[in-house]
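Here the structure is laid out as structure tokens; the discussion comes afterwards.
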Amino acid sequence: MSALTLAVLLTACGGGNQTSIDGETGLTVSASMLPSNDADTYRFLTQATFGPAAADIARIKKVGYDNWIDEQFKLQAQSSHVRMVESSAAALGQPQAYAHNVTHSWWTHAVRDPAQLRHRVAFALSEIFVISTMTVDDGRRAASYLDMLTSKADANYRDVLEAVALHPAMGQYLSHLGNRKEDGTGRVPDENFAREVMQLFSIGLHELGDNGRPRLVNGQAVETYNANDIKGLARVFTGFSWNWPSAKSALDWWKCFWRTAECRDPGQDVSSMTGYSQEHSTSVKQFLGVTVTAQETADPRASLKVALDRLASHPNTAPFISRQLIQRLVTSNPSDAYVSDVSQVFRAQGGNLRAVVKAILLHEEARRPATASLSTYGKLREPVLRLSHLLRALPHTSARFTSGGSVPFYLADDTSDPGTQLGQTPLRASSVFNFFRPGYTAPQSAMAAQGLVAPEMQITNETSVLGYANFVATILERGWGQWNSESNNWDIQFDLSGWDSKVSDPTALVDAIAQHLLGHPLPDDERSQAVTAITAMPINATNTTTLAKQRRQRIQAAILMVAVSPEFVIQQ
């Protein structure tokens, strides 16, 4: 790819290319990178953050999309997830951090941390390189995995893959922590991680073109690997186990390999696994067309390097990862050209995720989707992203966060129940295949007939649709989070008083809330239905307390009707 082509891909937004220098920041601002209206700004922030917020809206209007992306990647998380789960556990009087402390930390970062793009990309990566607190229930270990993905959200893919492979949370989840070499008497290496690192984390099941579509030979898709590749790669991932702390270097190796009481150290939960030569296979390791020759002295790190280099450079990796990142950030059914363009950036930049994410977000298809393709463009927003949008948009307080502590946090709650909540809790998927598969399409549906996919539909049904609506209505009424015994209330409470002046004018109320949440009004038919419904809600009580409740209920109803509208639920 030429430098010119790459430059075009990284700045493709159409329009003119007039530039100016912002007097306050000194940044070069390109006219083509400035949003043309509020709807464009909201679309971008829905793709790049956990929900549009006033500060980011204003900043993009000032410096443009490209400069905002660059600024965001320079930001680091204000606090690590590990520190926050430790603070949460200490504040709640727990002996250690558990899965629910990770939930506290995830939501606090998603809603409040300014490094929105970094966290948003980390969330996308967490739905590709999946672990789950259903298995990894040690809060510090899971939080450390999130910290790793967050810090490497702008790193090279190869570096991410190595960090994932060596993290004890992944080692526990996919059972290659403590994976032992073959012994000649029937024991063979565990093949779990070897299989999933190919199928889910790098090359996928079938050979792909740069457009992400399977290559066909005689009308059939070509498999990328076979059982022998899995066996060869499984030998690579032998000998890796708990970190061997330098302070315990005098101990027998097996005590740290098995993490006996003598070698137990808190740092092992947040440190990369150590390669133990004593349990690493010295046999020939053949996979994906490469060979690690038999080793006279077992060298687990050398074997690992060959394997990860091969996976990162495989022709499939660029389109396989690029397409999934596009799906997680922008649209479920990207065009062949969109995937191909991003794949070329991935390959030209050596898998640099900062460049890849920038290419995804600035691509013409992300910024100005063609009107003719709107019927197939966009994505169903997964439930946690709808809630994060509401939390970032609606004024609220968290009593737990306000009370301070070493690292303040939201007393957020598990939201896994599809009947009464969201049917989804971050980092708590039921399997390594995430909450939903990237290629999922509802059977016997109109989308299936058109050859389209809708990953998030895999966790969507009649129960979850009604459950989401009831959940939003409930939290607007009573608040959200766990019960806070200090405030004697649900931890997060919404302040909707800013819309009280519009309560007597249902049309103005609906328009104001739609503009605040969507960046544009509701379509006429939905707007008319919302106005009619709110007009029918009384605000004529003579009792002051009852009247205040009636007025708030109108605001709650307007927010609810926007929050369940197709314009909010579908990202387009």
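Ordering of the structure tokens sets the chain letters (A, B, ...); residue numbers start at 1 within each chain; ligands are numbered from 1 in the order shown.
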Open item on the list: I'd like the contact shell of Pro319 in chain A - 9 Å cut-off, only C-alpha atoms, skipping same-chain residues fewer than 2 positions apart - returned as a VMD selection string.
Closed with: chain A and resid 203 208 to 213 315 to 317 321 to 324 339 to 340 342 to 344 346
Output file for the selection above: C-alpha atoms, as a PDB file, in the first residue's frame:
```
ATOM      1  CA  ILE A 203      -7.260 -16.688  12.005  1.00  0.00           C
ATOM      2  CA  LEU A 208     -10.467 -15.317   4.041  1.00  0.00           C
ATOM      3  CA  GLY A 209      -9.888 -12.662   1.451  1.00  0.00           C
ATOM      4  CA  ASP A 210      -9.049  -9.152   2.624  1.00  0.00           C
ATOM      5  CA  ASN A 211     -12.774  -8.381   2.436  1.00  0.00           C
ATOM      6  CA  GLY A 212     -13.402 -10.891   5.212  1.00  0.00           C
ATOM      7  CA  ARG A 213     -15.310 -13.325   3.004  1.00  0.00           C
ATOM      8  CA  PRO A 315      -2.997 -13.756   5.901  1.00  0.00           C
ATOM      9  CA  ASN A 316      -6.306 -14.371   7.674  1.00  0.00           C
ATOM     10  CA  THR A 317      -5.541 -12.367  10.797  1.00  0.00           C
ATOM     11  CA  ILE A 321      -9.733  -9.150  13.446  1.00  0.00           C
ATOM     12  CA  SER A 322     -10.557  -6.055  11.360  1.00  0.00           C
ATOM     13  CA  ARG A 323     -14.074  -7.238  10.553  1.00  0.00           C
ATOM     14  CA  GLN A 324     -14.821  -8.022  14.188  1.00  0.00           C
ATOM     15  CA  VAL A 339     -13.286  -4.552   5.548  1.00  0.00           C
ATOM     16  CA  SER A 340     -10.675  -4.630   2.792  1.00  0.00           C
ATOM     17  CA  VAL A 342      -9.179  -1.651   7.163  1.00  0.00           C
ATOM     18  CA  SER A 343      -7.436  -4.998   6.574  1.00  0.00           C
ATOM     19  CA  GLN A 344      -4.896  -3.227   4.394  1.00  0.00           C
ATOM     20  CA  PHE A 346      -3.889  -3.544   9.648  1.00  0.00           C
TER      21      PHE A 346
END
```
- [ ] Write out as number ranges by chain each polymer residue whose atoms come within 10 Å of Gln268 in chain A, counting only C-alpha atoms; drop sequence neighbours fewer than 4 positions from it.
- [x] A: 141, 167-168, 241-245, 256, 259, 263-264, 272-274
Task: Gap from CA of Asp154 in chain A to CA of Tyr42 in chain A - Å, one decimal - done: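 Answer for the CA of Asp154 in chain A to CA of Tyr42 in chain A separation: 22.9 Å.
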Task: For range 355-370 of chain A: contacts at 10 Å, only C-alpha atoms, fewer than 5 positions along chain excluded, given as a PyMOL selection string - done: chain A and resi 6-14+33+35+40-41+43-45+47-48+65-66+69-70+117+121+153-157+318+321-323+325-327+329-331+334-335+337-339+341-350+377-378+572
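You will find CA of Thr420 in chain A at 12.1 Å from CA of Glu462 in chain A.
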Task: Contacts of Val111 in chain A at 8 Å (only C-alpha atoms; same-chain gap of 2+ positions) as a PyMOL selection string - done: chain A and resi 50+107-109+113+388+391-392
Could those selected residues go to a file with all heavy atoms, as a PDB file, in the first residue's frame?
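Final output, part27.pdb:
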```
ATOM      1  N   PHE A  50     -18.725   5.171  25.273  1.00  0.00           N
ATOM      2  CA  PHE A  50     -19.838   4.480  25.926  1.00  0.00           C
ATOM      3  C   PHE A  50     -21.100   5.331  25.935  1.00  0.00           C
ATOM      4  O   PHE A  50     -22.068   4.999  26.622  1.00  0.00           O
ATOM      5  CB  PHE A  50     -19.447   4.081  27.352  1.00  0.00           C
ATOM      6  CG  PHE A  50     -18.510   2.910  27.392  1.00  0.00           C
ATOM      7  CD1 PHE A  50     -17.154   3.098  27.604  1.00  0.00           C
ATOM      8  CD2 PHE A  50     -18.977   1.633  27.192  1.00  0.00           C
ATOM      9  CE1 PHE A  50     -16.279   2.019  27.630  1.00  0.00           C
ATOM     10  CE2 PHE A  50     -18.121   0.539  27.207  1.00  0.00           C
ATOM     11  CZ  PHE A  50     -16.756   0.734  27.431  1.00  0.00           C
ATOM     12  N   TRP A 107     -18.181  -0.521  35.292  1.00  0.00           N
ATOM     13  CA  TRP A 107     -19.167   0.537  35.087  1.00  0.00           C
ATOM     14  C   TRP A 107     -18.624   1.911  35.467  1.00  0.00           C
ATOM     15  O   TRP A 107     -18.920   2.910  34.792  1.00  0.00           O
ATOM     16  CB  TRP A 107     -20.446   0.234  35.868  1.00  0.00           C
ATOM     17  CG  TRP A 107     -21.319  -0.751  35.165  1.00  0.00           C
ATOM     18  CD1 TRP A 107     -21.515  -2.066  35.476  1.00  0.00           C
ATOM     19  CD2 TRP A 107     -22.105  -0.512  33.986  1.00  0.00           C
ATOM     20  NE1 TRP A 107     -22.368  -2.668  34.579  1.00  0.00           N
ATOM     21  CE2 TRP A 107     -22.751  -1.736  33.650  1.00  0.00           C
ATOM     22  CE3 TRP A 107     -22.331   0.607  33.188  1.00  0.00           C
ATOM     23  CZ2 TRP A 107     -23.606  -1.850  32.560  1.00  0.00           C
ATOM     24  CZ3 TRP A 107     -23.179   0.484  32.095  1.00  0.00           C
ATOM     25  CH2 TRP A 107     -23.801  -0.718  31.792  1.00  0.00           C
ATOM     26  N   THR A 108     -17.835   1.988  36.494  1.00  0.00           N
ATOM     27  CA  THR A 108     -17.268   3.275  36.898  1.00  0.00           C
ATOM     28  C   THR A 108     -16.382   3.828  35.792  1.00  0.00           C
ATOM     29  O   THR A 108     -16.458   5.015  35.444  1.00  0.00           O
ATOM     30  CB  THR A 108     -16.468   3.133  38.196  1.00  0.00           C
ATOM     31  OG1 THR A 108     -17.281   2.505  39.194  1.00  0.00           O
ATOM     32  CG2 THR A 108     -16.015   4.492  38.707  1.00  0.00           C
ATOM     33  N   HIS A 109     -15.530   2.986  35.229  1.00  0.00           N
ATOM     34  CA  HIS A 109     -14.665   3.436  34.137  1.00  0.00           C
ATOM     35  C   HIS A 109     -15.477   3.790  32.898  1.00  0.00           C
ATOM     36  O   HIS A 109     -15.209   4.806  32.236  1.00  0.00           O
ATOM     37  CB  HIS A 109     -13.642   2.354  33.794  1.00  0.00           C
ATOM     38  CG  HIS A 109     -12.503   2.258  34.758  1.00  0.00           C
ATOM     39  ND1 HIS A 109     -12.542   1.490  35.900  1.00  0.00           N
ATOM     40  CD2 HIS A 109     -11.291   2.851  34.755  1.00  0.00           C
ATOM     41  CE1 HIS A 109     -11.405   1.606  36.556  1.00  0.00           C
ATOM     42  NE2 HIS A 109     -10.615   2.415  35.878  1.00  0.00           N
ATOM     43  N   ASP A 113     -14.710   7.712  33.230  1.00  0.00           N
ATOM     44  CA  ASP A 113     -13.319   7.936  32.837  1.00  0.00           C
ATOM     45  C   ASP A 113     -13.252   8.705  31.526  1.00  0.00           C
ATOM     46  O   ASP A 113     -13.910   8.345  30.550  1.00  0.00           O
ATOM     47  CB  ASP A 113     -12.593   6.598  32.689  1.00  0.00           C
ATOM     48  CG  ASP A 113     -11.082   6.746  32.763  1.00  0.00           C
ATOM     49  OD1 ASP A 113     -10.528   7.533  31.966  1.00  0.00           O
ATOM     50  OD2 ASP A 113     -10.462   6.104  33.614  1.00  0.00           O
ATOM     51  N   SER A 388     -25.029   2.223  29.382  1.00  0.00           N
ATOM     52  CA  SER A 388     -23.910   3.158  29.552  1.00  0.00           C
ATOM     53  C   SER A 388     -24.225   4.499  28.902  1.00  0.00           C
ATOM     54  O   SER A 388     -23.857   5.557  29.419  1.00  0.00           O
ATOM     55  CB  SER A 388     -22.611   2.566  28.970  1.00  0.00           C
ATOM     56  OG  SER A 388     -22.673   2.443  27.557  1.00  0.00           O
ATOM     57  N   LEU A 391     -26.506   6.347  31.275  1.00  0.00           N
ATOM     58  CA  LEU A 391     -25.785   6.821  32.454  1.00  0.00           C
ATOM     59  C   LEU A 391     -24.883   8.009  32.129  1.00  0.00           C
ATOM     60  O   LEU A 391     -24.711   8.919  32.944  1.00  0.00           O
ATOM     61  CB  LEU A 391     -24.959   5.680  33.051  1.00  0.00           C
ATOM     62  CG  LEU A 391     -25.756   4.598  33.776  1.00  0.00           C
ATOM     63  CD1 LEU A 391     -24.876   3.389  34.087  1.00  0.00           C
ATOM     64  CD2 LEU A 391     -26.360   5.150  35.063  1.00  0.00           C
ATOM     65  N   ARG A 392     -24.304   8.023  30.948  1.00  0.00           N
ATOM     66  CA  ARG A 392     -23.442   9.154  30.584  1.00  0.00           C
ATOM     67  C   ARG A 392     -24.256  10.380  30.188  1.00  0.00           C
ATOM     68  O   ARG A 392     -23.771  11.509  30.282  1.00  0.00           O
ATOM     69  CB  ARG A 392     -22.507   8.751  29.428  1.00  0.00           C
ATOM     70  CG  ARG A 392     -21.339   7.902  29.931  1.00  0.00           C
ATOM     71  CD  ARG A 392     -20.406   7.462  28.829  1.00  0.00           C
ATOM     72  NE  ARG A 392     -19.874   8.544  28.022  1.00  0.00           N
ATOM     73  CZ  ARG A 392     -18.887   9.353  28.387  1.00  0.00           C
ATOM     74  NH1 ARG A 392     -18.336   9.222  29.593  1.00  0.00           N
ATOM     75  NH2 ARG A 392     -18.448  10.290  27.573  1.00  0.00           N
TER      76      ARG A 392
END
```
TODO: Point out the residue among A:Ala90, A:Leu517, A:Ile131, A:Ile21 with the least atom-to-atom distance to Phe433 in chain A, counting only C-alpha atoms.
DONE: A:Ile131
TODO: Go through A:Glu191, A:Glu567, A:Asp138, A:Asp229 one by one, measure the shortest atom-to-atom distance of each to Glu86 in chain A using only C-alpha atoms, and give the residue with the smallest value.
DONE: A:Asp138
Open item on the list: My list of candidates is A:Ala399, A:Ala446, A:Ala97, A:Val136. Which is closest to Arg83 in chain A when distances are computed with only C-alpha atoms?
Closed with: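 Closest to Arg83 in chain A of all the choices is A:Ala97.
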Taking 5 positions as the minimum chain separation for residues in the same chain, which residues sit within 9 Å of Val292 in chain A when counting only C-alpha atoms? Answer as a PDB file with C-alpha atoms, in the first residue's frame.
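The result, stored in out_34.pdb:
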```
ATOM      1  CA  VAL A 236       3.828 -24.860  22.357  1.00  0.00           C
ATOM      2  CA  SER A 283       9.126 -32.592  20.768  1.00  0.00           C
ATOM      3  CA  VAL A 284       8.881 -31.260  17.228  1.00  0.00           C
ATOM      4  CA  LYS A 285       5.966 -28.813  16.998  1.00  0.00           C
ATOM      5  CA  GLN A 286       4.392 -28.396  13.560  1.00  0.00           C
ATOM      6  CA  PHE A 287       1.457 -26.097  12.888  1.00  0.00           C
ATOM      7  CA  ALA A 302      11.263 -19.572  21.975  1.00  0.00           C
ATOM      8  CA  SER A 303       8.439 -21.921  21.017  1.00  0.00           C
ATOM      9  CA  VAL A 306       7.417 -18.822  16.707  1.00  0.00           C
ATOM     10  CA  ALA A 307       3.748 -19.588  17.303  1.00  0.00           C
TER      11      ALA A 307
END
```
- [ ] Report the residues of range 193-425 of chain A whose backbone DSSP state falls under strand (DSSP E), written as an MDAnalysis selection string.
- [x] chainID A and resid 216:217 220:221 240:241 274:275 285:287 290:292 379:380 396:398
Resulting file, chosen residues, N, CA and C atoms, as a PDB file, in the first residue's frame:
```
ATOM      1  N   LEU A 216     -13.152 -19.569  -1.700  1.00  0.00           N
ATOM      2  CA  LEU A 216     -13.801 -20.806  -2.107  1.00  0.00           C
ATOM      3  C   LEU A 216     -12.941 -21.545  -3.123  1.00  0.00           C
ATOM      4  N   VAL A 217     -12.833 -22.824  -2.931  1.00  0.00           N
ATOM      5  CA  VAL A 217     -12.166 -23.696  -3.896  1.00  0.00           C
ATOM      6  C   VAL A 217     -13.173 -24.763  -4.288  1.00  0.00           C
ATOM      7  N   GLN A 220     -16.245 -24.599  -2.229  1.00  0.00           N
ATOM      8  CA  GLN A 220     -16.180 -24.931  -0.809  1.00  0.00           C
ATOM      9  C   GLN A 220     -15.188 -24.048  -0.075  1.00  0.00           C
ATOM     10  N   ALA A 221     -15.531 -23.676   1.172  1.00  0.00           N
ATOM     11  CA  ALA A 221     -14.606 -22.911   2.008  1.00  0.00           C
ATOM     12  C   ALA A 221     -13.420 -23.794   2.393  1.00  0.00           C
ATOM     13  N   PHE A 240       3.692 -23.423  30.803  1.00  0.00           N
ATOM     14  CA  PHE A 240       3.368 -22.080  31.304  1.00  0.00           C
ATOM     15  C   PHE A 240       2.450 -22.203  32.518  1.00  0.00           C
ATOM     16  N   SER A 241       2.842 -21.532  33.582  1.00  0.00           N
ATOM     17  CA  SER A 241       2.041 -21.587  34.798  1.00  0.00           C
ATOM     18  C   SER A 241       2.289 -20.319  35.614  1.00  0.00           C
ATOM     19  N   THR A 274       4.919 -17.645  33.876  1.00  0.00           N
ATOM     20  CA  THR A 274       6.308 -18.022  33.638  1.00  0.00           C
ATOM     21  C   THR A 274       6.345 -19.296  32.802  1.00  0.00           C
ATOM     22  N   GLY A 275       7.312 -19.384  31.912  1.00  0.00           N
ATOM     23  CA  GLY A 275       7.523 -20.609  31.160  1.00  0.00           C
ATOM     24  C   GLY A 275       8.486 -21.514  31.906  1.00  0.00           C
ATOM     25  N   LYS A 285       7.287 -29.450  16.954  1.00  0.00           N
ATOM     26  CA  LYS A 285       5.966 -28.813  16.998  1.00  0.00           C
ATOM     27  C   LYS A 285       5.681 -28.241  15.613  1.00  0.00           C
ATOM     28  N   GLN A 286       4.748 -28.833  14.911  1.00  0.00           N
ATOM     29  CA  GLN A 286       4.392 -28.396  13.560  1.00  0.00           C
ATOM     30  C   GLN A 286       2.964 -27.870  13.550  1.00  0.00           C
ATOM     31  N   PHE A 287       2.789 -26.706  12.959  1.00  0.00           N
ATOM     32  CA  PHE A 287       1.457 -26.097  12.888  1.00  0.00           C
ATOM     33  C   PHE A 287       1.482 -24.979  11.853  1.00  0.00           C
ATOM     34  N   VAL A 290       4.617 -24.056   9.791  1.00  0.00           N
ATOM     35  CA  VAL A 290       5.911 -23.767  10.414  1.00  0.00           C
ATOM     36  C   VAL A 290       6.274 -24.916  11.347  1.00  0.00           C
ATOM     37  N   THR A 291       7.554 -24.986  11.672  1.00  0.00           N
ATOM     38  CA  THR A 291       8.047 -26.058  12.521  1.00  0.00           C
ATOM     39  C   THR A 291       8.967 -25.508  13.592  1.00  0.00           C
ATOM     40  N   VAL A 292       8.724 -25.898  14.824  1.00  0.00           N
ATOM     41  CA  VAL A 292       9.672 -25.679  15.909  1.00  0.00           C
ATOM     42  C   VAL A 292      10.392 -27.004  16.085  1.00  0.00           C
ATOM     43  N   LYS A 379     -26.047  -1.450  13.570  1.00  0.00           N
ATOM     44  CA  LYS A 379     -26.027  -2.632  14.414  1.00  0.00           C
ATOM     45  C   LYS A 379     -27.013  -2.475  15.556  1.00  0.00           C
ATOM     46  N   LEU A 380     -27.517  -3.609  16.016  1.00  0.00           N
ATOM     47  CA  LEU A 380     -28.296  -3.614  17.243  1.00  0.00           C
ATOM     48  C   LEU A 380     -27.328  -3.376  18.390  1.00  0.00           C
ATOM     49  N   HIS A 396     -26.886  12.183  37.269  1.00  0.00           N
ATOM     50  CA  HIS A 396     -27.130  11.233  38.344  1.00  0.00           C
ATOM     51  C   HIS A 396     -26.040  11.354  39.400  1.00  0.00           C
ATOM     52  N   THR A 397     -26.283  10.742  40.519  1.00  0.00           N
ATOM     53  CA  THR A 397     -25.285  10.680  41.580  1.00  0.00           C
ATOM     54  C   THR A 397     -25.152   9.229  42.040  1.00  0.00           C
ATOM     55  N   SER A 398     -23.976   8.883  42.496  1.00  0.00           N
ATOM     56  CA  SER A 398     -23.731   7.598  43.134  1.00  0.00           C
ATOM     57  C   SER A 398     -23.291   7.891  44.563  1.00  0.00           C
TER      58      SER A 398
END
```
Open item on the list: From the options A:Ser277, A:Thr28, A:Gln94, A:Thr545, which residue's atoms come nearest to Phe257 in chain A, counting only C-alpha atoms?
Closed with: A:Ser277
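CA of Asn192 in chain A sits 15.1 Å away from CA of Leu205 in chain A.
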TODO: Using only C-alpha atoms, find the one residue out of A:Pro443, A:Pro395, A:Trp483, A:His314 that sits nearest to Ala53 in chain A.
DONE: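 Checking each of A:Pro443, A:Pro395, A:Trp483, A:His314 against Ala53 in chain A, counting only C-alpha atoms, the winner is A:Pro395.
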- [ ] Identify, on the basis of only C-alpha atoms, every residue whose closest approach to Thr135 in chain A does not exceed 9 Å; exclude the query and any residue fewer than 4 positions from it along the same chain; express the result as a PyMOL selection string.
- [x] chain A and resi 131+172-173+428
Take the residues just selected and output them with N, CA, C and O atoms as a PDB file, in the first residue's frame.
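Output contents, as saved in result30.pdb:
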```pdb
ATOM      1  N   ILE A 131     -12.636 -13.785  28.296  1.00  0.00           N
ATOM      2  CA  ILE A 131     -12.642 -14.546  29.545  1.00  0.00           C
ATOM      3  C   ILE A 131     -13.965 -14.214  30.224  1.00  0.00           C
ATOM      4  O   ILE A 131     -14.671 -13.291  29.807  1.00  0.00           O
ATOM      5  N   GLN A 172      -6.239 -19.600  33.209  1.00  0.00           N
ATOM      6  CA  GLN A 172      -7.248 -20.298  33.995  1.00  0.00           C
ATOM      7  C   GLN A 172      -8.479 -20.602  33.142  1.00  0.00           C
ATOM      8  O   GLN A 172      -9.008 -21.712  33.170  1.00  0.00           O
ATOM      9  N   TYR A 173      -8.917 -19.610  32.363  1.00  0.00           N
ATOM     10  CA  TYR A 173     -10.170 -19.747  31.626  1.00  0.00           C
ATOM     11  C   TYR A 173     -10.099 -20.826  30.556  1.00  0.00           C
ATOM     12  O   TYR A 173     -11.020 -21.623  30.401  1.00  0.00           O
ATOM     13  N   ARG A 428     -18.831 -11.226  31.633  1.00  0.00           N
ATOM     14  CA  ARG A 428     -19.499 -12.366  32.257  1.00  0.00           C
ATOM     15  C   ARG A 428     -20.271 -13.196  31.216  1.00  0.00           C
ATOM     16  O   ARG A 428     -21.398 -13.641  31.452  1.00  0.00           O
TER      17      ARG A 428
END
```
TODO: Write out as a PyMOL selection string which residues come within 10 Å of Val503 in chain A when counting only C-alpha atoms, dropping same-chain ones fewer than 5 positions away.
DONE: chain A and resi 508-510+534-535+539+550-555+558
Open item on the list: Going by DSSP on the backbone, which residues of range 106-198 of chain A come out as helix (DSSP H, G or I)? List them as a VMD selection string.
Closed with: chain A and resid 106 to 112 116 to 126 139 to 151 157 to 166 168 to 173 192 to 198
- [ ] Rank A:Leu427, A:Ala393, A:Arg386, A:Ser151 by their smallest atom-to-atom distance to Gly519 in chain A, using only C-alpha atoms, and report the top residue only.
- [x]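 Of all the options, A:Ala393 lies closest to Gly519 in chain A.
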